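Enquirer: Dropping in structure01.txt, which is compact mmCIF, C-alpha atoms:
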# COMPACT_ATOMS: atom_id res chain seq x y z
CA MET B 1 4.99 -22.24 -14.82
CA LEU B 2 8.06 -23.51 -12.98
CA PHE B 3 6.41 -25.52 -10.22
CA LYS B 4 3.94 -27.82 -11.93
CA ALA B 5 1.95 -28.74 -8.87
CA LYS B 6 -1.62 -29.81 -9.43
CA ALA B 7 -2.91 -26.53 -8.04
CA ILE B 8 -1.35 -23.53 -6.31
CA VAL B 9 -3.16 -20.96 -4.19
CA LEU B 10 -1.44 -17.62 -3.64
CA SER B 11 -2.89 -16.00 -0.53
CA THR B 12 -1.49 -13.19 1.57
CA GLY B 13 -2.46 -10.28 3.78
CA GLY B 14 0.36 -8.01 2.65
CA VAL B 15 2.07 -7.68 -0.73
CA GLY B 16 3.35 -5.12 -3.12
CA LYS B 17 4.73 -2.53 -0.69
CA ALA B 18 8.06 -2.01 -2.32
CA TRP B 19 9.05 1.47 -1.21
CA LYS B 20 9.83 3.60 1.78
CA PHE B 21 6.55 3.68 3.67
CA THR B 22 6.14 -0.06 4.23
CA SER B 23 3.29 -0.54 6.67
CA ASN B 24 3.25 -2.17 10.08
CA SER B 25 6.33 -4.08 11.26
CA TRP B 26 6.87 -6.60 8.48
CA GLU B 27 8.49 -6.29 5.08
CA CYS B 28 6.20 -6.83 2.10
CA THR B 29 8.09 -7.28 -1.13
CA GLY B 30 5.43 -8.18 -3.70
CA ASP B 31 6.43 -11.83 -4.09
CA GLY B 32 2.88 -13.15 -4.45
CA ILE B 33 1.93 -10.69 -7.18
CA THR B 34 5.21 -11.25 -9.02
CA LEU B 35 4.88 -15.05 -8.89
CA GLY B 36 1.52 -14.74 -10.62
CA LEU B 37 2.76 -12.15 -13.11
CA ASP B 38 5.81 -14.25 -14.08
CA ALA B 39 3.61 -17.33 -14.50
CA GLY B 40 1.36 -15.51 -16.98
CA ALA B 41 -1.44 -14.11 -14.82
CA ASP B 42 -2.97 -10.67 -15.42
CA LEU B 43 -2.64 -7.81 -12.92
CA ILE B 44 -5.37 -5.19 -12.52
CA ASP B 45 -5.61 -1.77 -10.86
CA MET B 46 -2.04 -1.76 -9.55
CA GLU B 47 -2.11 2.04 -9.43
CA CYS B 48 -4.70 2.04 -6.61
CA ILE B 49 -2.64 2.23 -3.40
CA GLN B 50 -4.06 3.09 0.01
CA PHE B 51 -1.86 5.23 2.25
CA HIS B 52 -2.44 5.28 5.99
CA PRO B 53 -1.87 8.89 7.10
CA THR B 54 0.32 8.17 10.12
CA GLY B 55 3.43 6.04 10.16
CA MET B 56 6.78 6.57 11.88
CA VAL B 57 9.23 8.61 9.80
CA TRP B 58 12.31 8.39 12.00
CA PRO B 59 14.70 6.67 12.44
CA THR B 60 15.08 5.25 8.93
CA SER B 61 15.26 1.66 10.18
CA VAL B 62 11.65 1.79 11.42
CA ARG B 63 10.23 4.24 8.89
CA GLY B 64 6.70 3.31 7.94
CA ILE B 65 5.70 1.35 11.04
CA LEU B 66 2.05 2.16 11.68
CA VAL B 67 0.96 4.73 14.26
CA THR B 68 -2.58 3.81 15.25
CA GLU B 69 -5.52 6.11 14.59
CA GLY B 70 -6.27 5.64 18.26
CA VAL B 71 -3.75 8.41 19.03
CA ARG B 72 -5.95 10.92 17.21
CA GLY B 73 -9.10 9.24 18.52
CA ASP B 74 -7.87 9.85 22.07
CA GLY B 75 -7.18 13.55 21.50
CA GLY B 76 -3.96 13.68 19.47
CA THR B 77 -3.75 16.52 16.96
CA LEU B 78 -1.67 16.97 13.81
CA LYS B 79 0.54 20.06 13.69
CA ASN B 80 3.01 21.46 11.18
CA SER B 81 6.43 22.96 11.90
CA GLU B 82 4.77 26.29 12.72
CA GLY B 83 2.67 24.68 15.45
CA ALA B 84 -0.57 25.12 13.49
CA ARG B 85 -3.34 22.50 13.51
CA PHE B 86 -3.45 22.44 9.73
CA MET B 87 -6.29 19.94 9.19
CA PHE B 88 -8.85 22.76 9.47
CA ASN B 89 -7.50 23.97 6.12
CA TYR B 90 -8.19 20.66 4.35
CA ILE B 91 -11.82 19.88 5.03
CA PRO B 92 -13.44 18.74 1.74
CA GLU B 93 -16.80 20.21 0.78
CA TYR B 94 -18.40 16.78 1.13
CA PHE B 95 -17.46 16.53 4.85
CA LYS B 96 -17.99 20.13 5.94
CA GLY B 97 -21.42 19.52 7.41
CA GLU B 98 -20.13 16.92 9.87
CA THR B 99 -16.63 18.27 10.57
CA ALA B 100 -15.67 20.94 13.11
CA ASP B 101 -14.13 24.02 11.48
CA ASN B 102 -12.58 25.47 14.65
CA GLU B 103 -10.42 24.20 17.52
CA LYS B 104 -13.00 24.91 20.23
CA GLU B 105 -15.66 22.68 18.67
CA ALA B 106 -13.14 20.01 17.65
CA ASP B 107 -11.86 19.75 21.21
CA ALA B 108 -15.38 19.73 22.63
CA TRP B 109 -16.25 16.77 20.37
CA TYR B 110 -14.02 14.46 22.43
CA GLU B 111 -16.20 15.01 25.49
CA ASP B 112 -19.59 15.59 23.83
CA LYS B 113 -19.95 13.87 20.46
CA LYS B 114 -23.70 14.42 20.31
CA ASN B 115 -23.62 18.22 20.28
CA ASN B 116 -20.36 18.88 18.44
CA ARG B 117 -18.96 18.03 15.03
CA ARG B 118 -16.08 15.59 14.60
CA THR B 119 -12.48 16.84 14.60
CA PRO B 120 -10.89 17.12 11.13
CA ASP B 121 -7.90 15.12 12.44
CA LEU B 122 -10.17 12.07 11.96
CA LEU B 123 -11.21 12.72 8.37
CA PRO B 124 -10.92 9.67 6.04
CA ARG B 125 -7.42 8.27 5.68
CA ASP B 126 -6.84 9.45 2.12
CA GLU B 127 -7.88 13.01 2.99
CA VAL B 128 -5.54 13.18 6.01
CA ALA B 129 -2.67 11.59 4.06
CA ARG B 130 -2.99 14.11 1.23
CA ALA B 131 -3.15 17.00 3.73
CA ILE B 132 0.08 15.86 5.41
CA ASN B 133 1.72 15.45 2.02
CA SER B 134 0.69 19.00 1.07
CA GLU B 135 2.12 20.46 4.29
CA VAL B 136 5.44 18.70 3.77
CA LYS B 137 5.70 19.81 0.15
CA ALA B 138 4.89 23.38 1.21
CA GLY B 139 7.93 23.36 3.52
CA ARG B 140 5.97 23.11 6.76
CA GLY B 141 6.96 19.56 7.62
CA SER B 142 8.92 18.13 10.53
CA PRO B 143 12.73 17.74 10.41
CA HIS B 144 12.51 14.19 9.05
CA GLY B 145 9.89 14.75 6.35
CA GLY B 146 6.62 14.28 8.20
CA VAL B 147 4.46 16.35 10.54
CA PHE B 148 3.96 16.33 14.31
CA LEU B 149 1.34 14.28 16.13
CA ASP B 150 0.80 15.87 19.54
CA ILE B 151 -0.76 13.92 22.38
CA ASN B 152 1.60 14.97 25.20
CA THR B 153 0.15 18.48 25.62
CA ARG B 154 -3.40 17.21 25.52
CA ARG B 155 -3.42 14.21 27.84
CA SER B 156 -1.65 13.33 31.09
CA ALA B 157 1.25 10.91 31.11
CA ASP B 158 -0.79 8.36 33.06
CA TYR B 159 -3.64 8.61 30.54
CA ILE B 160 -1.28 8.08 27.60
CA ARG B 161 0.45 5.08 29.14
CA LYS B 162 -2.91 3.53 30.05
CA ARG B 163 -4.76 4.21 26.77
CA LEU B 164 -1.85 3.92 24.33
CA PRO B 165 0.64 1.47 25.87
CA SER B 166 1.80 -0.02 22.55
CA MET B 167 2.45 3.43 21.05
CA TYR B 168 4.30 4.52 24.18
CA HIS B 169 6.62 1.52 24.02
CA GLN B 170 6.94 1.63 20.23
CA PHE B 171 8.30 5.18 20.19
CA LYS B 172 10.31 4.71 23.38
CA GLU B 173 12.08 1.58 22.17
CA LEU B 174 12.41 2.28 18.43
CA ALA B 175 12.84 6.06 18.26
CA GLY B 176 13.94 7.12 21.74
CA VAL B 177 10.88 9.38 21.96
CA ASP B 178 8.78 9.67 25.12
CA ILE B 179 5.31 10.48 23.77
CA THR B 180 4.20 11.63 27.22
CA LYS B 181 6.70 14.49 26.88
CA GLU B 182 7.35 14.94 23.13
CA SER B 183 5.40 15.03 19.89
CA MET B 184 5.69 12.15 17.44
CA GLU B 185 6.90 12.64 13.88
CA VAL B 186 4.53 10.89 11.47
CA GLY B 187 3.86 10.73 7.75
CA PRO B 188 1.79 8.74 5.24
CA THR B 189 2.67 5.05 5.07
CA CYS B 190 1.87 2.66 2.23
CA HIS B 191 -0.84 0.53 3.82
CA TYR B 192 -2.80 -1.57 1.32
CA ILE B 193 -2.82 -2.27 -2.40
CA MET B 194 -6.26 -2.60 -3.98
CA GLY B 195 -4.83 -4.03 -7.20
CA GLY B 196 -3.32 -7.46 -7.74
CA ILE B 197 -3.82 -10.63 -9.75
CA ARG B 198 -7.05 -10.71 -11.77
CA VAL B 199 -9.25 -13.60 -10.63
CA ASP B 200 -12.68 -15.05 -11.22
CA ALA B 201 -14.86 -13.84 -8.34
CA ASP B 202 -16.52 -17.21 -7.71
CA THR B 203 -13.45 -19.49 -7.88
CA GLU B 204 -10.45 -17.12 -7.51
CA ALA B 205 -8.98 -18.80 -10.61
CA THR B 206 -6.41 -16.77 -12.56
CA ALA B 207 -5.58 -16.82 -16.26
CA VAL B 208 -3.05 -19.60 -15.49
CA PRO B 209 -4.65 -23.08 -15.19
CA GLY B 210 -4.17 -24.41 -11.68
CA LEU B 211 -3.21 -21.06 -10.17
CA PHE B 212 -5.63 -19.41 -7.71
CA ALA B 213 -5.23 -16.17 -5.74
CA ALA B 214 -6.96 -14.70 -2.69
CA GLY B 215 -6.41 -11.89 -0.21
CA GLU B 216 -4.29 -8.84 -0.93
CA VAL B 217 -2.45 -10.69 -3.68
CA ALA B 218 -5.69 -10.62 -5.70
CA GLY B 219 -7.19 -7.51 -7.29
CA GLY B 220 -10.78 -6.42 -7.90
CA MET B 221 -12.37 -7.00 -4.51
CA HIS B 222 -12.05 -3.48 -3.08
CA GLY B 223 -12.45 -1.26 -6.14
CA ALA B 224 -10.24 1.82 -6.06
CA ASN B 225 -10.17 2.24 -2.25
CA ARG B 226 -10.65 -0.41 0.46
CA LEU B 227 -12.96 0.19 3.39
CA GLY B 228 -11.26 -0.35 6.75
CA GLY B 229 -11.67 -3.86 8.14
CA ASN B 230 -12.59 -5.49 4.85
CA SER B 231 -9.29 -7.30 4.34
CA LEU B 232 -10.11 -9.93 6.97
CA SER B 233 -13.48 -10.65 5.36
CA ASP B 234 -11.70 -10.79 2.00
CA LEU B 235 -9.27 -13.46 3.22
CA LEU B 236 -11.95 -15.57 4.91
CA VAL B 237 -14.52 -15.52 2.12
CA PHE B 238 -12.32 -15.63 -0.94
CA GLY B 239 -9.65 -17.79 0.68
CA ARG B 240 -12.32 -20.45 1.22
CA ARG B 241 -13.51 -20.11 -2.37
CA ALA B 242 -9.95 -20.44 -3.65
CA GLY B 243 -9.33 -23.57 -1.58
CA LEU B 244 -12.55 -25.24 -2.67
CA ALA B 245 -11.97 -24.40 -6.33
CA ALA B 246 -8.37 -25.62 -6.20
CA ALA B 247 -9.57 -28.93 -4.72
CA GLU B 248 -12.17 -29.32 -7.46
CA TYR B 249 -9.55 -28.49 -10.09
CA VAL B 250 -7.25 -31.24 -8.78
CA LYS B 251 -10.09 -33.78 -8.76
CA SER B 252 -10.75 -33.03 -12.43
CA LEU B 253 -7.17 -33.81 -13.50
CA ALA B 254 -6.23 -37.14 -15.03
CA GLY B 255 -2.84 -38.84 -14.75
CA LYS B 256 0.29 -37.75 -12.94
CA VAL B 257 1.93 -34.34 -12.88
CA SER B 258 5.62 -34.26 -13.76
CA VAL B 259 8.34 -31.75 -12.95
CA ASP B 260 10.86 -30.55 -15.54
CA GLY B 261 14.15 -31.23 -13.78
CA GLY B 262 16.13 -29.06 -16.14
CA GLN B 263 13.84 -26.08 -15.56
CA ALA B 264 14.09 -26.53 -11.79
CA GLU B 265 17.88 -26.71 -11.93
CA ALA B 266 18.06 -23.57 -14.09
CA ALA B 267 15.90 -21.72 -11.59
CA ALA B 268 18.13 -22.83 -8.72
CA GLN B 269 21.23 -21.58 -10.53
CA THR B 270 19.56 -18.21 -11.11
CA LEU B 271 18.88 -17.92 -7.38
CA LEU B 272 22.53 -18.61 -6.61
CA GLU B 273 23.95 -16.05 -9.06
CA PRO B 274 24.23 -13.16 -6.53
CA LEU B 275 26.61 -15.34 -4.48
CA THR B 276 28.94 -16.12 -7.36
CA ARG B 277 28.89 -13.32 -9.95
CA SER B 278 31.66 -10.73 -10.17
CA GLY B 279 29.51 -7.59 -9.96
CA ASN B 280 29.92 -4.79 -7.43
CA GLU B 281 26.37 -3.61 -6.74
CA ASN B 282 25.03 -3.71 -3.18
CA PRO B 283 21.40 -4.89 -2.84
CA TYR B 284 20.82 -2.55 0.11
CA ALA B 285 21.85 0.45 -2.00
CA ILE B 286 19.42 -0.52 -4.78
CA HIS B 287 16.67 -1.06 -2.22
CA ALA B 288 17.23 2.37 -0.65
CA ASP B 289 17.33 4.07 -4.07
CA LEU B 290 14.12 2.30 -5.12
CA GLN B 291 12.41 3.45 -1.94
CA GLU B 292 13.43 7.05 -2.58
CA CYS B 293 12.31 6.85 -6.22
CA MET B 294 8.86 5.46 -5.47
CA GLN B 295 8.23 7.77 -2.53
CA ALA B 296 9.27 10.89 -4.42
CA LEU B 297 7.81 10.11 -7.86
CA VAL B 298 4.98 7.58 -7.40
CA GLY B 299 3.65 8.56 -3.97
CA ILE B 300 0.31 9.99 -2.93
CA ILE B 301 0.11 12.81 -5.49
CA ARG B 302 1.27 11.88 -9.00
CA THR B 303 2.03 13.65 -12.29
CA GLU B 304 2.87 12.33 -15.75
CA GLY B 305 6.36 13.80 -15.77
CA GLU B 306 7.33 12.33 -12.41
CA LEU B 307 5.83 8.92 -13.27
CA ARG B 308 7.80 8.70 -16.52
CA LYS B 309 10.96 9.70 -14.67
CA ALA B 310 10.26 6.85 -12.23
CA LEU B 311 10.08 4.38 -15.13
CA GLU B 312 13.50 5.55 -16.32
CA GLU B 313 14.96 5.08 -12.84
CA ILE B 314 13.38 1.63 -12.46
CA ALA B 315 14.98 0.57 -15.76
CA VAL B 316 18.38 1.56 -14.34
CA PHE B 317 17.68 -0.33 -11.10
CA LYS B 318 16.96 -3.48 -13.14
CA GLN B 319 20.32 -3.14 -14.86
CA ARG B 320 22.01 -2.69 -11.48
CA LEU B 321 20.26 -5.80 -10.15
CA GLY B 322 22.10 -7.85 -12.76
CA ARG B 323 25.38 -6.72 -11.20
CA VAL B 324 24.52 -7.46 -7.55
CA ARG B 325 27.14 -9.43 -5.65
CA VAL B 326 26.71 -10.51 -2.03
CA GLY B 327 29.26 -12.08 0.29
CA GLY B 328 28.84 -15.12 2.51
CA GLY B 329 26.99 -18.34 1.87
CA ARG B 330 23.42 -19.57 1.76
CA GLU B 331 22.83 -19.74 5.54
CA PHE B 332 21.56 -16.70 7.48
CA ASN B 333 22.38 -14.30 4.66
CA PRO B 334 19.91 -11.36 4.62
CA GLY B 335 21.89 -9.65 1.84
CA TRP B 336 21.26 -12.62 -0.44
CA HIS B 337 17.58 -12.69 0.53
CA LEU B 338 17.22 -9.00 -0.32
CA ALA B 339 18.99 -9.54 -3.64
CA LEU B 340 16.35 -12.17 -4.50
CA ASP B 341 13.48 -9.96 -3.26
CA LEU B 342 14.50 -7.10 -5.52
CA HIS B 343 13.06 -8.80 -8.61
CA SER B 344 9.60 -8.70 -7.02
CA MET B 345 10.07 -5.17 -5.69
CA LEU B 346 11.05 -3.86 -9.10
CA SER B 347 8.26 -5.74 -10.89
CA VAL B 348 5.58 -4.39 -8.55
CA SER B 349 7.02 -0.87 -8.66
CA GLU B 350 7.03 -0.88 -12.45
CA ALA B 351 3.47 -2.23 -12.60
CA VAL B 352 2.21 0.44 -10.18
CA THR B 353 3.94 3.17 -12.20
CA LEU B 354 2.61 1.94 -15.56
CA GLY B 355 -0.92 1.75 -14.16
CA ALA B 356 -0.64 5.24 -12.68
CA ILE B 357 0.43 6.65 -16.05
CA GLU B 358 -2.44 4.91 -17.84
CA ARG B 359 -5.19 6.03 -15.43
CA LYS B 360 -5.47 9.71 -16.33
CA GLU B 361 -7.89 10.68 -13.56
CA SER B 362 -8.12 10.73 -9.75
CA ARG B 363 -10.11 7.91 -8.17
CA GLY B 364 -9.94 6.25 -4.75
CA GLY B 365 -6.35 5.64 -3.73
CA HIS B 366 -4.98 7.03 -7.02
CA THR B 367 -4.51 10.81 -7.24
CA ARG B 368 -3.14 12.62 -10.31
CA ASP B 369 -2.35 16.31 -9.82
CA ASP B 370 -2.54 16.82 -13.60
CA TYR B 371 -5.92 14.99 -13.78
CA PRO B 372 -7.54 15.97 -10.45
CA PHE B 373 -11.08 14.76 -11.16
CA ALA B 374 -12.71 11.37 -11.71
CA ASP B 375 -13.43 10.51 -15.34
CA ASP B 376 -16.51 8.35 -16.00
CA ARG B 377 -14.69 6.54 -18.81
CA PHE B 378 -12.10 5.20 -16.38
CA GLY B 379 -14.86 4.16 -13.99
CA LYS B 380 -15.79 1.45 -16.50
CA ILE B 381 -12.39 -0.15 -17.07
CA ASN B 382 -9.58 -2.00 -15.35
CA VAL B 383 -5.98 -1.11 -16.15
CA VAL B 384 -4.41 -4.49 -16.97
CA ILE B 385 -0.69 -5.30 -16.72
CA ARG B 386 0.88 -8.40 -18.33
CA ARG B 387 4.40 -9.68 -18.89
CA LYS B 388 5.11 -10.48 -22.53
CA ASN B 389 8.55 -11.54 -23.75
CA GLY B 390 10.03 -10.32 -20.49
CA GLN B 391 8.46 -6.83 -20.73
CA LEU B 392 5.44 -5.40 -18.91
CA THR B 393 2.58 -4.22 -21.10
CA VAL B 394 -0.45 -2.12 -20.16
CA ALA B 395 -4.00 -2.13 -21.53
CA GLN B 396 -7.48 -0.87 -20.69
CA GLU B 397 -10.20 -3.54 -20.54
CA PRO B 398 -13.91 -3.27 -19.63
CA LEU B 399 -15.02 -4.08 -16.11
CA PRO B 400 -16.88 -7.40 -15.87
CA GLU B 401 -20.66 -7.19 -15.83
CA MET B 402 -22.28 -7.15 -12.43
CA PRO B 403 -23.95 -10.54 -11.66
CA ASP B 404 -27.74 -10.52 -11.84
CA GLU B 405 -28.15 -11.39 -8.15
CA LEU B 406 -26.10 -8.31 -7.13
CA LYS B 407 -28.08 -6.08 -9.48
CA GLN B 408 -31.25 -7.31 -7.84
CA LEU B 409 -29.91 -6.59 -4.35
CA LEU B 410 -28.93 -3.05 -5.33
CA GLN B 411 -32.35 -2.43 -6.88
CA GLU B 412 -34.05 -3.66 -3.70
CA ARG B 413 -31.98 -1.16 -1.68
CA LYS B 414 -33.10 1.83 -3.75
Starting from the coordinates I provided, produce the structure as structure tokens.
Expert:
Amino acid sequence: MLFKAKAIVLSTGGVGKAWKFTSNSWECTGDGITLGLDAGADLIDMECIQFHPTGMVWPTSVRGILVTEGVRGDGGTLKNSEGARFMFNYIPEYFKGETADNEKEADAWYEDKKNNRRTPDLLPRDEVARAINSEVKAGRGSPHGGVFLDINTRRSADYIRKRLPSMYHQFKELAGVDITKESMEVGPTCHYIMGGIRVDADTEATAVPGLFAAGEVAGGMHGANRLGGNSLSDLLVFGRRAGLAAAEYVKSLAGKVSVDGGQAEAAAQTLLEPLTRSGNENPYAIHADLQECMQALVGIIRTEGELRKALEEIAVFKQRLGRVRVGGGREFNPGWHLALDLHSMLSVSEAVTLGAIERKESRGGHTRDDYPFADDRFGKINVVIRRKNGQLTVAQEPLPEMPDELKQLLQERK
């Protein structure tokens, strides 16, 4: 590992979102996961990606910024380009008993939740995201590749500004859309990655001595699909465990830790290459092409053919990265920063694609159109990604045994 500190804890609330639908208002480029991967740590379950159903789709500069579920909770409805409230066509068998199957009952639910079933616009996130994806692919999407979220015909302008002030200002300032008068264009946005660095559950230790991981950078906590709100608990509980274990690890060390000056200098020179090489590739062009590739080929609904095509495109992007040249110097140079981020973006994208090819079933946040059902065999394994001799490898390995104390708790609940 390059930085031979006594112990390093990787902890983050947002990593791995390397393509178009980056969630919320920050950029997440997969640096934490890639640092672990390059150091020799294992990755697990990288194919399990949670998509929030509603993010902004226009303009391109703000594409993916989250549109709160509160819009639908306050009466907003999803419509396709034909003006139809399409969610009534996508109610899964499992939720039919508790979900309204007509507009009259769905609308009545907002005023009387006791005597009416819940609107299908508020089905679980993965169900709504897949429904939107299906409408867009069927040619019934909005002009910019999403669907319409209508609150303006259902609530007064005063109500919207009072109940949804952040959404009103977000669309007004970023998209020039007045949501009290116009419908929003929304589409699924990459929201959370359930996979990440494989860690020991009690200490958050990785396969690399002295390296610990917690939060979204770590995999295994949330299975194949995270429950809403659990990421904060994840950070608090496992972040504390990681810190305590790292401290104990340092106490157990003897002697001083040295730094290889030659290795550090070589790393610094690698970071400076985009400023000095003679290539002609633009990092922004590679970034945009990677976004398009991952959205089109490794999005919500996946197939073997599209996933393998994505791997081919990623291989070309890696070649292009070696020819990136940016102007300017080291200070205030976002082009240079993006050129450095692309290594992580490409690593995470390749790991997600390899995992999605390997998991030939549909489970949680991973949906394969060519393998639409869950397979019990895959319910007992993790898909593991490693870097060996500069190349990513993929393997299936058994899930760890459940600790005895958890088995006892589950038996007591039965």
Enquirer: Using all atoms listed in the file, which of the listed residues (B:Thr153, B:Ala267, B:Tyr192, B:Gly139) sits closest to Gly229 in chain B?
Expert: B:Tyr192
Enquirer: So the first atom is CA of Gly215 in chain B and the second is CA of Gly30 in chain B; what is the distance between them in Å, to one decimal place?
Expert: 12.9 Å
Enquirer: Report as a ChimeraX atom specification all protein, DNA and RNA residues lying within 10 Å of Val186 in chain B, evaluated on only C-alpha atoms, omitting residues in the same chain fewer than 2 positions from it.
Expert: /B:53-58,63-67,78,132,141-142,144-149,183-184,188-189
Enquirer: Do you have the CA of Glu93 in chain B-CA of Arg125 in chain B distance handy?
Expert: 16.0 Å
Enquirer: Mind pulling up the distance from CA of Glu397 in chain B to CA of Ala246 in chain B?
Expert: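 Atom-to-atom, CA of Ala246 in chain B and CA of Glu397 in chain B are spaced 26.4 Å apart.
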Enquirer: Write out as a list of chain:residue names which residues come within 10 Å of Tyr159 in chain B when counting only C-alpha atoms, dropping same-chain ones fewer than 6 positions away.
Expert: B:Asp74, B:Asn152, B:Pro165, B:Thr180
